[in-house]
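Data file: protein_32.csv. Format and content: CSV, C-alpha atoms and all ligand atoms.
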chain,number,residue,atom,x,y,z
Y,1102,MET,CA,-113.2,48.6,46.8
Y,1103,ILE,CA,-115.8,46.1,45.5
Y,1104,GLN,CA,-115.0,42.5,46.0
Y,1105,VAL,CA,-115.6,39.9,43.3
Y,1106,ARG,CA,-115.6,36.2,44.1
Y,1107,VAL,CA,-115.0,33.7,41.4
Y,1108,LYS,CA,-116.5,30.2,41.4
Y,1109,PRO,CA,-114.5,27.3,42.8
Y,1110,GLY,CA,-111.8,26.1,40.4
Y,1111,ILE,CA,-111.5,29.4,38.5
Y,1112,GLU,CA,-108.7,30.6,40.7
Y,1113,GLU,CA,-106.3,28.0,39.2
Y,1114,LYS,CA,-105.9,29.7,35.9
Y,1115,LEU,CA,-105.8,33.2,37.5
Y,1116,ARG,CA,-103.0,32.1,39.8
Y,1117,SER,CA,-101.1,31.2,36.7
Y,1118,TYR,CA,-101.4,34.8,35.7
Y,1119,PHE,CA,-104.2,34.5,33.2
Y,1120,PRO,CA,-105.7,38.0,33.5
Y,1121,TRP,CA,-109.4,37.5,32.4
Y,1122,VAL,CA,-112.5,36.5,34.4
Y,1123,TYR,CA,-115.4,35.7,32.2
Y,1124,ARG,CA,-118.9,36.7,33.3
Y,1125,PRO,CA,-120.1,33.1,34.0
Y,1126,GLU,CA,-117.1,32.5,36.2
Y,1127,ILE,CA,-118.2,35.1,38.8
Y,1128,ALA,CA,-119.9,33.7,41.9
Y,1129,SER,CA,-120.8,37.0,43.7
Y,1130,TYR,CA,-120.1,40.7,44.1
Y,1131,SER,CA,-120.0,42.6,47.4
Y,1132,ARG,CA,-122.3,45.1,45.8
Y,1133,LYS,CA,-123.6,45.8,42.3
Y,1134,PRO,CA,-120.5,47.0,40.3
Y,1135,GLN,CA,-120.4,50.1,38.1
Y,1136,LYS,CA,-119.0,49.7,34.6
Y,1137,GLY,CA,-115.3,50.3,34.7
Y,1138,GLU,CA,-115.0,50.2,38.5
Y,1139,HIS,CA,-111.8,48.8,40.1
Y,1140,VAL,CA,-112.3,45.5,41.9
Y,1141,VAL,CA,-110.5,43.0,44.1
Y,1142,VAL,CA,-110.8,39.5,42.8
Y,1143,ARG,CA,-110.9,36.7,45.4
Y,1144,ASP,CA,-111.2,32.9,45.2
Y,1145,ALA,CA,-114.2,31.0,46.5
Y,1146,GLY,CA,-112.5,30.9,50.0
Y,1147,GLY,CA,-112.0,34.7,50.0
Y,1148,HIS,CA,-108.3,34.7,49.4
Y,1149,PHE,CA,-106.8,37.5,47.4
Y,1150,ILE,CA,-106.1,36.9,43.7
Y,1151,GLY,CA,-105.6,40.4,42.1
Y,1152,TYR,CA,-106.8,43.8,41.3
Y,1153,GLY,CA,-108.6,44.6,38.0
Y,1154,TYR,CA,-111.4,46.6,36.5
Y,1155,ILE,CA,-114.8,45.3,35.6
Y,1156,ASN,CA,-117.3,45.6,32.8
Y,1157,PRO,CA,-120.4,43.6,33.9
Y,1158,ASP,CA,-121.9,43.9,30.4
Y,1159,ALA,CA,-118.9,42.3,28.6
Y,1160,ASN,CA,-118.2,38.6,28.3
Y,1161,ILE,CA,-114.7,39.3,29.6
Y,1162,SER,CA,-116.0,40.9,32.8
Y,1163,VAL,CA,-112.8,41.5,34.8
Y,1164,ARG,CA,-109.4,42.3,33.4
Y,1165,LEU,CA,-106.6,42.0,36.0
Y,1166,LEU,CA,-103.8,44.4,36.1
Y,1167,SER,CA,-102.1,43.4,39.3
Y,1168,PHE,CA,-101.6,40.1,41.1
Y,1169,ASN,CA,-99.7,41.8,43.9
Y,1170,LYS,CA,-101.7,42.8,47.1
Y,1171,GLU,CA,-99.4,45.8,47.6
Y,1172,LYS,CA,-100.0,47.1,44.1
Y,1173,LYS,CA,-103.4,48.6,43.6
Y,1174,ILE,CA,-104.4,50.2,40.4
Y,1175,THR,CA,-103.1,53.8,40.7
Y,1176,TYR,CA,-101.6,56.4,38.5
Y,1177,GLU,CA,-98.2,55.3,39.7
Y,1178,LEU,CA,-98.9,51.7,38.6
Y,1179,ILE,CA,-99.9,52.9,35.1
Y,1180,LYS,CA,-96.9,55.1,34.8
Y,1181,GLU,CA,-94.6,52.3,36.1
Y,1182,ARG,CA,-96.0,49.9,33.4
Y,1183,ILE,CA,-95.5,52.5,30.7
Y,1184,GLU,CA,-92.0,53.1,31.9
Y,1185,SER,CA,-91.0,49.5,31.9
Y,1186,ALA,CA,-92.6,49.0,28.5
Y,1187,TYR,CA,-90.5,51.8,27.1
Y,1188,ILE,CA,-87.3,50.5,28.7
Y,1189,TYR,CA,-88.0,47.1,27.1
Y,1190,ARG,CA,-88.6,48.7,23.7
Y,1191,LYS,CA,-85.3,50.5,24.0
Y,1192,SER,CA,-83.5,47.3,24.9
Y,1193,LEU,CA,-84.7,45.7,21.6
Y,1194,SER,CA,-82.5,48.2,19.6
Y,1195,LEU,CA,-85.0,48.0,16.7
Y,1196,ASP,CA,-83.6,49.6,13.6
Y,1197,THR,CA,-86.5,52.0,13.2
Y,1198,ASP,CA,-88.2,55.1,14.5
Y,1199,ALA,CA,-91.7,53.4,14.7
Y,1200,PHE,CA,-92.6,50.8,17.2
Y,1201,ARG,CA,-95.4,49.6,19.4
Y,1202,LEU,CA,-95.0,50.9,22.9
Y,1203,ILE,CA,-97.9,49.3,24.7
Y,1204,HIS,CA,-99.5,46.1,23.5
Y,1205,SER,CA,-102.4,45.7,25.9
Y,1206,GLU,CA,-102.2,42.5,28.0
Y,1207,GLY,CA,-98.7,42.0,26.5
Y,1208,ASP,CA,-97.6,45.0,28.6
Y,1209,PHE,CA,-99.9,44.3,31.5
Y,1210,LEU,CA,-102.2,47.2,30.5
Y,1211,PRO,CA,-105.3,45.5,29.1
Y,1212,GLY,CA,-107.3,47.7,26.8
Y,1213,LEU,CA,-104.5,50.0,25.9
Y,1214,VAL,CA,-102.6,50.1,22.6
Y,1215,VAL,CA,-99.9,52.8,21.9
Y,1216,ASP,CA,-97.9,53.0,18.8
Y,1217,VAL,CA,-95.1,55.5,18.3
Y,1218,TYR,CA,-94.3,57.1,14.9
Y,1219,ARG,CA,-91.2,59.2,15.3
Y,1220,SER,CA,-92.1,61.7,17.9
Y,1221,HIS,CA,-95.9,61.1,17.8
Y,1222,ALA,CA,-98.0,58.6,19.6
Y,1223,VAL,CA,-101.2,57.0,18.5
Y,1224,VAL,CA,-103.4,55.5,21.2
Y,1225,GLU,CA,-106.4,53.2,21.2
Y,1226,PHE,CA,-108.6,52.6,24.3
Y,1227,THR,CA,-110.2,49.2,23.7
Y,1228,THR,CA,-112.0,48.6,27.0
Y,1229,PHE,CA,-114.4,50.6,29.0
Y,1230,GLY,CA,-112.2,50.2,32.1
Y,1231,MET,CA,-109.1,51.5,30.4
Y,1232,ASN,CA,-111.0,54.3,28.8
Y,1233,LEU,CA,-112.0,55.5,32.2
Y,1234,MET,CA,-108.3,55.8,33.1
Y,1235,ARG,CA,-107.5,57.8,30.0
Y,1236,ASP,CA,-106.4,60.9,31.9
Y,1237,TRP,CA,-103.8,58.8,33.8
Y,1238,VAL,CA,-102.6,57.2,30.6
Y,1239,ILE,CA,-102.2,60.4,28.8
Y,1240,SER,CA,-100.4,62.1,31.7
Y,1241,ALA,CA,-98.1,59.1,32.1
Y,1242,LEU,CA,-97.3,59.0,28.4
Y,1243,LEU,CA,-96.4,62.7,28.5
Y,1244,GLU,CA,-94.1,62.1,31.4
Y,1245,VAL,CA,-92.4,59.0,30.1
Y,1246,LEU,CA,-92.4,59.4,26.3
Y,1247,LYS,CA,-92.6,63.2,26.0
Y,1248,PRO,CA,-94.3,63.0,22.6
Y,1249,ALA,CA,-94.8,66.0,20.3
Y,1250,GLY,CA,-98.4,64.9,19.9
Y,1251,ILE,CA,-100.9,62.2,20.7
Y,1252,TYR,CA,-103.6,61.0,18.3
Y,1253,GLU,CA,-106.5,58.8,19.4
Y,1254,LYS,CA,-107.7,56.3,16.9
Y,1255,LYS,CA,-111.3,55.0,16.8
Y,1256,ASN,CA,-112.0,51.3,16.8
Y,1257,GLU,CA,-115.5,50.5,15.6
Y,1258,TYR,CA,-115.4,46.9,16.7
Y,1259,ILE,CA,-115.2,47.9,20.4
Y,1260,GLN,CA,-118.7,49.3,20.6
Y,1261,LYS,CA,-120.2,45.8,20.2
Y,1262,ILE,CA,-118.0,44.1,22.8
Y,1263,GLU,CA,-117.5,46.8,25.4
Y,1264,GLY,CA,-120.5,49.0,24.9
Y,1265,PHE,CA,-118.9,52.4,24.4
Y,1266,GLU,CA,-118.0,54.6,21.5
Y,1267,THR,CA,-114.3,55.2,21.0
Y,1268,GLN,CA,-113.1,58.6,19.8
Y,1269,GLU,CA,-110.9,59.9,17.0
Y,1270,GLY,CA,-108.7,62.9,16.8
Y,1271,ILE,CA,-105.7,64.7,18.3
Y,1272,ILE,CA,-105.8,64.7,22.1
Y,1273,TYR,CA,-102.4,66.4,22.7
Y,1274,GLY,CA,-100.0,68.7,20.8
Y,1275,ASP,CA,-99.7,68.4,17.1
Y,1276,VAL,CA,-99.9,65.3,14.9
Y,1277,PRO,CA,-99.5,65.8,11.2
Y,1278,PRO,CA,-101.9,63.5,9.2
Y,1279,GLU,CA,-99.0,62.0,7.4
Y,1280,ILE,CA,-95.6,61.0,8.9
Y,1281,ILE,CA,-92.7,59.4,7.1
Y,1282,ILE,CA,-91.1,56.6,9.2
Y,1283,ARG,CA,-87.9,54.7,8.7
Y,1284,GLU,CA,-87.4,51.0,9.1
Y,1285,LYS,CA,-83.9,49.9,8.3
Y,1286,ASP,CA,-83.0,51.3,4.8
Y,1287,LEU,CA,-86.6,52.0,3.7
Y,1288,ASN,CA,-89.0,54.8,4.4
Y,1289,TYR,CA,-92.8,54.6,4.6
Y,1290,TYR,CA,-95.6,57.1,4.6
Y,1291,VAL,CA,-98.0,56.5,7.6
Y,1292,ASN,CA,-101.4,58.1,7.2
Y,1293,ILE,CA,-102.6,58.1,10.8
Y,1294,PRO,CA,-106.3,59.2,10.3
Y,1295,GLN,CA,-106.9,57.1,7.2
Y,1296,GLY,CA,-104.6,54.1,7.7
Y,1297,GLN,CA,-105.6,50.7,9.0
Y,1298,LYS,CA,-104.7,49.7,12.6
Y,1299,THR,CA,-102.9,52.8,14.0
Y,1300,GLY,CA,-101.5,53.6,10.5
Y,1301,PHE,CA,-98.9,50.9,9.7
Y,1302,TYR,CA,-98.4,47.1,10.2
Y,1303,LEU,CA,-95.6,47.4,12.7
Y,1304,ASP,CA,-96.2,43.9,13.8
Y,1305,GLN,CA,-94.9,42.5,10.4
Y,1306,ARG,CA,-91.4,44.1,10.8
Y,1307,ARG,CA,-89.7,40.7,11.5
Y,1308,ALA,CA,-91.5,39.1,8.6
Y,1309,ARG,CA,-90.4,42.0,6.3
Y,1310,SER,CA,-86.9,41.2,7.2
Y,1311,ILE,CA,-87.3,37.5,6.6
Y,1312,ILE,CA,-88.8,38.2,3.1
Y,1313,ARG,CA,-85.9,40.6,2.4
Y,1314,SER,CA,-83.4,37.8,2.8
Y,1315,LEU,CA,-85.6,35.1,1.1
Y,1316,VAL,CA,-85.9,37.0,-2.1
Y,1317,LYS,CA,-82.9,36.6,-4.5
Y,1318,PRO,CA,-82.1,38.9,-7.3
Y,1319,GLY,CA,-84.2,38.1,-10.4
Y,1320,PHE,CA,-87.1,36.6,-8.4
Y,1321,THR,CA,-90.7,37.1,-9.6
Y,1322,CYS,CA,-92.9,37.9,-6.6
Y,1323,LEU,CA,-96.6,38.2,-5.8
Y,1324,ASP,CA,-97.6,40.2,-2.7
Y,1325,VAL,CA,-101.3,39.5,-2.1
Y,1326,PHE,CA,-103.2,41.8,0.3
Y,1327,CYS,CA,-100.3,44.2,0.0
Y,1328,HIS,CA,-101.9,47.2,1.8
Y,1329,THR,CA,-99.2,50.0,1.6
Y,1330,GLY,CA,-96.5,47.8,0.2
Y,1331,GLY,CA,-94.4,46.8,3.2
Y,1332,PHE,CA,-93.6,43.4,1.7
Y,1333,ALA,CA,-93.6,44.5,-2.0
Y,1334,LEU,CA,-91.0,47.2,-1.3
Y,1335,ASN,CA,-88.7,44.7,0.5
Y,1336,MET,CA,-89.0,42.3,-2.4
Y,1337,LYS,CA,-88.0,44.9,-4.9
Y,1338,LYS,CA,-85.2,46.2,-2.7
Y,1339,ALA,CA,-83.9,42.6,-2.5
Y,1340,GLY,CA,-83.6,42.7,-6.3
Y,1341,ALA,CA,-86.8,41.0,-7.5
Y,1342,LYS,CA,-87.2,41.4,-11.2
Y,1343,GLU,CA,-91.0,41.5,-11.1
Y,1344,VAL,CA,-93.3,42.4,-8.2
Y,1345,ILE,CA,-97.0,42.4,-8.4
Y,1346,ALA,CA,-98.8,43.8,-5.4
Y,1347,VAL,CA,-102.6,43.4,-5.1
Y,1348,ASP,CA,-105.1,44.9,-2.7
Y,1349,ILE,CA,-108.8,45.8,-2.9
Y,1350,SER,CA,-108.2,49.2,-1.3
Y,1351,SER,CA,-107.4,52.0,-3.8
Y,1352,GLN,CA,-106.4,54.2,-0.8
Y,1353,ALA,CA,-103.8,51.7,0.4
Y,1354,LEU,CA,-102.4,51.3,-3.1
Y,1355,GLU,CA,-102.0,55.0,-3.5
Y,1356,VAL,CA,-99.9,55.1,-0.4
Y,1357,GLY,CA,-98.0,52.0,-1.7
Y,1358,LYS,CA,-97.2,53.8,-4.9
Y,1359,LYS,CA,-96.0,56.9,-2.9
Y,1360,ASN,CA,-93.8,54.6,-0.8
Y,1361,ALA,CA,-92.2,53.0,-3.9
Y,1362,HIS,CA,-91.5,56.5,-5.2
Y,1363,LEU,CA,-90.1,57.7,-1.9
Y,1364,ASN,CA,-87.6,54.8,-1.9
Y,1365,ASN,CA,-86.7,55.0,-5.6
Y,1366,LEU,CA,-88.1,51.6,-6.2
Y,1367,ASP,CA,-89.7,51.6,-9.6
Y,1368,GLY,CA,-91.4,48.8,-11.4
Y,1369,ILE,CA,-93.8,47.4,-8.8
Y,1370,VAL,CA,-97.1,46.6,-10.5
Y,1371,TRP,CA,-100.0,47.7,-8.2
Y,1372,VAL,CA,-103.3,46.0,-8.9
Y,1373,GLU,CA,-106.6,47.0,-7.3
Y,1374,GLU,CA,-108.7,43.8,-7.3
Y,1375,ASN,CA,-110.2,41.2,-5.1
Y,1376,ALA,CA,-107.3,38.9,-4.3
Y,1377,PHE,CA,-109.3,35.7,-4.8
Y,1378,ASP,CA,-110.4,36.7,-8.3
Y,1379,PHE,CA,-107.0,38.0,-9.3
Y,1380,MET,CA,-105.2,34.8,-8.3
Y,1381,ARG,CA,-107.7,32.8,-10.2
Y,1382,LYS,CA,-107.0,34.9,-13.3
Y,1383,LEU,CA,-103.2,34.5,-12.9
Y,1384,HIS,CA,-103.7,30.8,-12.7
Y,1385,ARG,CA,-105.9,30.8,-15.9
Y,1386,GLU,CA,-103.2,32.8,-17.7
Y,1387,GLY,CA,-100.6,30.3,-16.5
Y,1388,GLN,CA,-98.5,32.9,-14.6
Y,1389,THR,CA,-96.2,31.5,-11.9
Y,1390,PHE,CA,-93.9,33.2,-9.4
Y,1391,ASP,CA,-90.8,32.4,-7.3
Y,1392,LEU,CA,-92.5,33.7,-4.2
Y,1393,VAL,CA,-96.2,34.1,-3.4
Y,1394,LEU,CA,-97.0,35.9,-0.1
Y,1395,MET,CA,-100.4,36.2,1.3
Y,1396,ASP,CA,-101.2,38.4,4.3
Y,1397,PRO,CA,-104.9,38.5,4.5
Y,1398,PRO,CA,-107.1,40.5,7.0
Y,1399,SER,CA,-108.4,38.6,10.0
Y,1400,PHE,CA,-111.0,36.2,8.7
Y,1401,ALA,CA,-111.8,35.1,12.3
Y,1402,LYS,CA,-112.7,37.8,14.7
Y,1403,ASN,CA,-114.2,35.3,17.1
Y,1404,LYS,CA,-114.3,31.5,17.8
Y,1405,ALA,CA,-117.5,31.1,15.9
Y,1406,SER,CA,-116.1,32.3,12.6
Y,1407,VAL,CA,-113.1,29.8,12.7
Y,1408,PRO,CA,-114.6,27.2,10.3
Y,1409,SER,CA,-115.5,29.7,7.7
Y,1410,ALA,CA,-112.1,31.4,8.1
Y,1411,LEU,CA,-110.4,28.0,7.6
Y,1412,ARG,CA,-112.3,27.6,4.3
Y,1413,GLY,CA,-111.1,31.0,3.3
Y,1414,TYR,CA,-107.4,30.2,4.1
Y,1415,LYS,CA,-107.7,26.8,2.3
Y,1416,GLU,CA,-109.1,28.6,-0.8
Y,1417,LEU,CA,-106.2,31.1,-0.6
Y,1418,CYS,CA,-103.6,28.4,-0.3
Y,1419,VAL,CA,-104.9,26.4,-3.2
Y,1420,ARG,CA,-104.9,29.5,-5.4
Y,1421,GLY,CA,-101.5,30.5,-4.1
Y,1422,LEU,CA,-100.0,27.1,-4.8
Y,1423,HIS,CA,-101.4,27.1,-8.3
Y,1424,VAL,CA,-99.2,30.1,-9.1
Y,1425,VAL,CA,-96.0,29.2,-7.3
Y,1426,LYS,CA,-93.2,27.7,-9.4
Y,1427,ARG,CA,-91.9,24.3,-8.5
Y,1428,GLY,CA,-89.1,25.0,-6.0
Y,1429,GLY,CA,-90.6,28.4,-5.3
Y,1430,TYR,CA,-92.0,29.7,-2.0
Y,1431,LEU,CA,-95.4,30.2,-0.5
Y,1432,VAL,CA,-95.8,32.4,2.6
Y,1433,ILE,CA,-99.0,32.7,4.5
Y,1434,TYR,CA,-99.9,34.8,7.6
Y,1435,SER,CA,-102.8,34.8,9.9
Y,1436,CYS,CA,-103.3,37.8,12.2
Y,1437,SER,CA,-106.2,36.2,14.1
Y,1438,PHE,CA,-105.6,34.7,17.6
Y,1439,HIS,CA,-108.3,32.2,16.9
Y,1440,ILE,CA,-106.4,30.7,13.9
Y,1441,THR,CA,-103.4,28.8,15.3
Y,1442,ALA,CA,-100.2,27.7,13.6
Y,1443,GLU,CA,-101.6,24.2,13.7
Y,1444,HIS,CA,-104.7,25.4,11.8
Y,1445,LEU,CA,-102.5,26.9,9.1
Y,1446,PHE,CA,-100.4,23.6,8.9
Y,1447,GLN,CA,-103.6,21.6,8.3
Y,1448,VAL,CA,-104.9,24.1,5.8
Y,1449,LEU,CA,-101.6,23.9,3.9
Y,1450,VAL,CA,-101.7,20.1,4.0
Y,1451,ASP,CA,-105.2,20.1,2.6
Y,1452,ALA,CA,-104.4,22.6,-0.1
Y,1453,ALA,CA,-101.2,20.8,-1.1
Y,1454,ARG,CA,-103.1,17.5,-1.5
Y,1455,ASP,CA,-105.5,19.3,-3.9
Y,1456,VAL,CA,-102.7,20.6,-6.1
Y,1457,GLY,CA,-100.3,17.6,-5.7
Y,1458,ARG,CA,-97.3,19.2,-4.0
Y,1459,HIS,CA,-95.0,18.5,-1.1
Y,1460,LEU,CA,-94.3,21.4,1.2
Y,1461,ARG,CA,-91.0,21.9,3.0
Y,1462,VAL,CA,-91.2,24.3,5.9
Y,1463,ILE,CA,-88.3,26.7,5.9
Y,1464,ASN,CA,-89.3,29.3,8.5
Y,1465,MET,CA,-92.0,30.5,10.8
Y,1466,SER,CA,-92.5,34.0,12.2
Y,1467,PHE,CA,-94.6,35.7,14.8
Y,1468,GLN,CA,-95.3,39.4,15.4
Y,1469,ASP,CA,-92.2,41.3,16.2
Y,1470,LEU,CA,-90.9,41.6,19.7
Y,1471,ASP,CA,-92.4,45.1,20.4
Y,1472,HIS,CA,-95.8,43.3,20.4
Y,1473,PRO,CA,-94.9,41.0,23.4
Y,1474,TRP,CA,-96.2,37.5,23.6
Y,1475,ILE,CA,-96.8,36.6,27.2
Y,1476,LEU,CA,-96.9,32.9,27.5
Y,1477,GLN,CA,-99.6,33.0,30.2
Y,1478,VAL,CA,-101.9,35.2,28.1
Y,1479,PRO,CA,-102.6,33.2,25.0
Y,1480,ASN,CA,-104.3,36.0,23.0
Y,1481,THR,CA,-101.0,38.0,23.1
Y,1482,LEU,CA,-99.8,35.7,20.3
Y,1483,TYR,CA,-101.9,36.5,17.3
Y,1484,LEU,CA,-99.7,36.9,14.2
Y,1485,LYS,CA,-98.2,33.7,12.7
Y,1486,GLY,CA,-96.4,33.2,9.4
Y,1487,ILE,CA,-95.5,29.9,7.7
Y,1488,TYR,CA,-92.9,29.9,5.0
Y,1489,VAL,CA,-92.8,26.8,2.7
Y,1490,GLU,CA,-90.9,25.7,-0.3
Y,1491,VAL,CA,-93.2,24.1,-2.8
Y,1492,LEU,CA,-91.7,20.8,-4.1
Y,1501,LIG,N1,-99.4,43.0,4.0
Y,1501,LIG,C1,-99.8,44.3,4.5
Y,1501,LIG,C2,-101.0,44.2,5.5
Y,1501,LIG,C3,-102.2,43.5,5.0
Y,1501,LIG,S1,-103.7,43.9,5.8
Y,1501,LIG,C4,-98.7,45.0,5.2
Y,1501,LIG,O1,-97.7,44.4,5.6
Y,1501,LIG,O2,-98.7,46.2,5.3
Y,1501,LIG,C5,-104.9,43.2,4.8
Y,1501,LIG,C6,-105.2,44.0,3.5
Y,1501,LIG,O3,-106.1,43.2,2.8
Y,1501,LIG,C7,-105.8,45.3,3.6
Y,1501,LIG,O4,-104.9,46.3,3.0
Y,1501,LIG,C8,-107.1,45.2,2.9
Y,1501,LIG,O5,-107.4,46.4,2.1
Y,1501,LIG,C9,-106.9,44.1,2.0
Y,1501,LIG,N2,-108.0,43.3,1.6
Y,1501,LIG,C10,-109.1,42.9,2.3
Y,1501,LIG,N3,-109.9,42.1,1.6
Y,1501,LIG,C11,-109.3,42.0,0.4
Y,1501,LIG,C12,-109.7,41.2,-0.8
Y,1501,LIG,N4,-110.8,40.5,-0.9
Y,1501,LIG,N5,-108.9,41.3,-1.9
Y,1501,LIG,C13,-107.7,42.1,-1.8
Y,1501,LIG,N6,-107.4,42.8,-0.7
Y,1501,LIG,C14,-108.2,42.7,0.3

Any chance you could give the structure as structure tokens?
Amino acid sequence: MIQVRVKPGIEEKLRSYFPWVYRPEIASYSRKPQKGEHVVVRDAGGHFIGYGYINPDANISVRLLSFNKEKKITYELIKERIESAYIYRKSLSLDTDAFRLIHSEGDFLPGLVVDVYRSHAVVEFTTFGMNLMRDWVISALLEVLKPAGIYEKKNEYIQKIEGFETQEGIIYGDVPPEIIIREKDLNYYVNIPQGQKTGFYLDQRRARSIIRSLVKPGFTCLDVFCHTGGFALNMKKAGAKEVIAVDISSQALEVGKKNAHLNNLDGIVWVEENAFDFMRKLHREGQTFDLVLMDPPSFAKNKASVPSALRGYKELCVRGLHVVKRGGYLVIYSCSFHITAEHLFQVLVDAARDVGRHLRVINMSFQDLDHPWILQVPNTLYLKGIYVEVL
């Protein structure tokens, strides 16, 4: 196996189980590596650090899967990881038939995402190295999970970073284009080929449950960036008198309407508009709400876009605060790893100064536990939510 030596000092973070080696951190190779090849990573003194796979063209050049000399990357290792991920998910006793089974580095399988919708699995291969091991992954999934079908979802963003084209379509068995999943007492349509992510925002499950208990009968609620209505439905189910749900995608709103119908939740107002414009209009009209929730798409896909993303969040928070009643609640999420909770605190402080309000923090949330946050791997924490009472 090809040997990769890292520069002096780099071993420190790797010995704390940080699983990435960036290209400039590599001192030498024992020979020129092939894209996706398995490698042994060694420190400057030649001591073993771990086994991984390499993509010499990518900024994150090596992703480590094993820090144990006895555990090389084999089919057995992949299967073992999938098995323990599955055991962990079962131990969570999630009240749903849809969950994330593999969360990439969060399950020590960098480059692999697997979501389960009832008896069907949706997979994404997001690195060249993991894509090369796709046959192992599929065989292991069949052995461990025994799904009725597996669908592979394309991810356009990967081409730029990893230099390969991801594929889309059924790769095993049968997968209907639309599946109805259950989460607690609500059902949702998941359109796998057309939906965002793998079809549903599973990661917001914990947040949906917080919103469910925050909303009191008679509340007026605004769900901004509602997508297929995960939050809007919970607001209505909690007894909200009025729910306005806004998104720019007519396709997502159509599914949202179907979801409301499926659950006999009438009266949600679905609005197809740009969220920023719509909130400005509500403010001009003097409309206010007991709860304003904003779950925007990732404004910061990389470090360089953080400043402009923060301006976007600030703008959103100002507009949101304008339409929250005094004593009402504002909730904001960020699904970008690059935007930290501290960033959101500062954005909220800045926005509150502009509109002259105090903000009392009443809760915080992260992605739900089937999207594991491994403390040693910072990017496994990506979804943050701050819940404030507007005084
Ligand atoms: N809250 C949703 C997930 C939101 S994802 C849920 O829990 O399911 C982000 C959503 O923002 C997407 O549905 C996307 O269509 C929408 N979106 C992106 N830009 C927008 C804009 N400028 N105005 C309104 N919606 C927008």

Need to verify the contact set: Y:Gln1447, 12 Å, all atoms listed in the file, exclusion of same-chain residues closer than 4 positions in sequence. Can you return it as a CSV table (one decimal) with C-alpha atoms, keeping the file's coordinate frame?
chain,number,residue,atom,x,y,z
Y,1411,LEU,CA,-110.4,28.0,7.6
Y,1412,ARG,CA,-112.3,27.6,4.3
Y,1414,TYR,CA,-107.4,30.2,4.1
Y,1415,LYS,CA,-107.7,26.8,2.3
Y,1418,CYS,CA,-103.6,28.4,-0.3
Y,1440,ILE,CA,-106.4,30.7,13.9
Y,1441,THR,CA,-103.4,28.8,15.3
Y,1442,ALA,CA,-100.2,27.7,13.6
Y,1443,GLU,CA,-101.6,24.2,13.7
Y,1451,ASP,CA,-105.2,20.1,2.6
Y,1452,ALA,CA,-104.4,22.6,-0.1
Y,1453,ALA,CA,-101.2,20.8,-1.1
Y,1454,ARG,CA,-103.1,17.5,-1.5
Y,1460,LEU,CA,-94.3,21.4,1.2
Y,1487,ILE,CA,-95.5,29.9,7.7

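For ligand LIG 1501 (chain Y), the neighbouring polymer residues at 7 Å or closer are Y:Phe1301, Y:Tyr1302, Y:Gln1305, Y:Val1325, Y:Phe1326, Y:Cys1327, Y:His1328, Y:Thr1329, Y:Gly1330, Y:Gly1331, Y:Phe1332, Y:Val1347, Y:Asp1348, Y:Ile1349, Y:Ser1350, Y:Ala1353, Y:Glu1374, Y:Asn1375, Y:Ala1376, Y:Phe1377, Y:Asp1396, Y:Pro1397, Y:Pro1398, only C-alpha atoms and all ligand atoms being used.
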
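The nearest approach to Y:Phe1119 among the residues Y:Phe1168, Y:Tyr1434, Y:Tyr1273, Y:Tyr1258, with only C-alpha atoms taken into account, belongs to Y:Phe1168.
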
Using all atoms listed in the file, which protein or nucleic acid residues come within 8 Å of Y:Tyr1118? Drop anything in the same chain fewer than 2 positions from it, and give the result as a PyMOL selection string.
chain Y and resi 1114-1116+1120+1168+1477-1478

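Distances from Y:Leu1178, Y:Ala1159, Y:Met1102, Y:Leu1383 to Y:Ile1345 were compared using all atoms listed in the file, and the smallest one belongs to Y:Leu1383.
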
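Between Y:Asn1365 and the candidates Y:Met1395, Y:Leu1287, Y:Leu1476, Y:Ala1241, the tightest atom-to-atom separation, counting only C-alpha atoms, involves Y:Leu1287.
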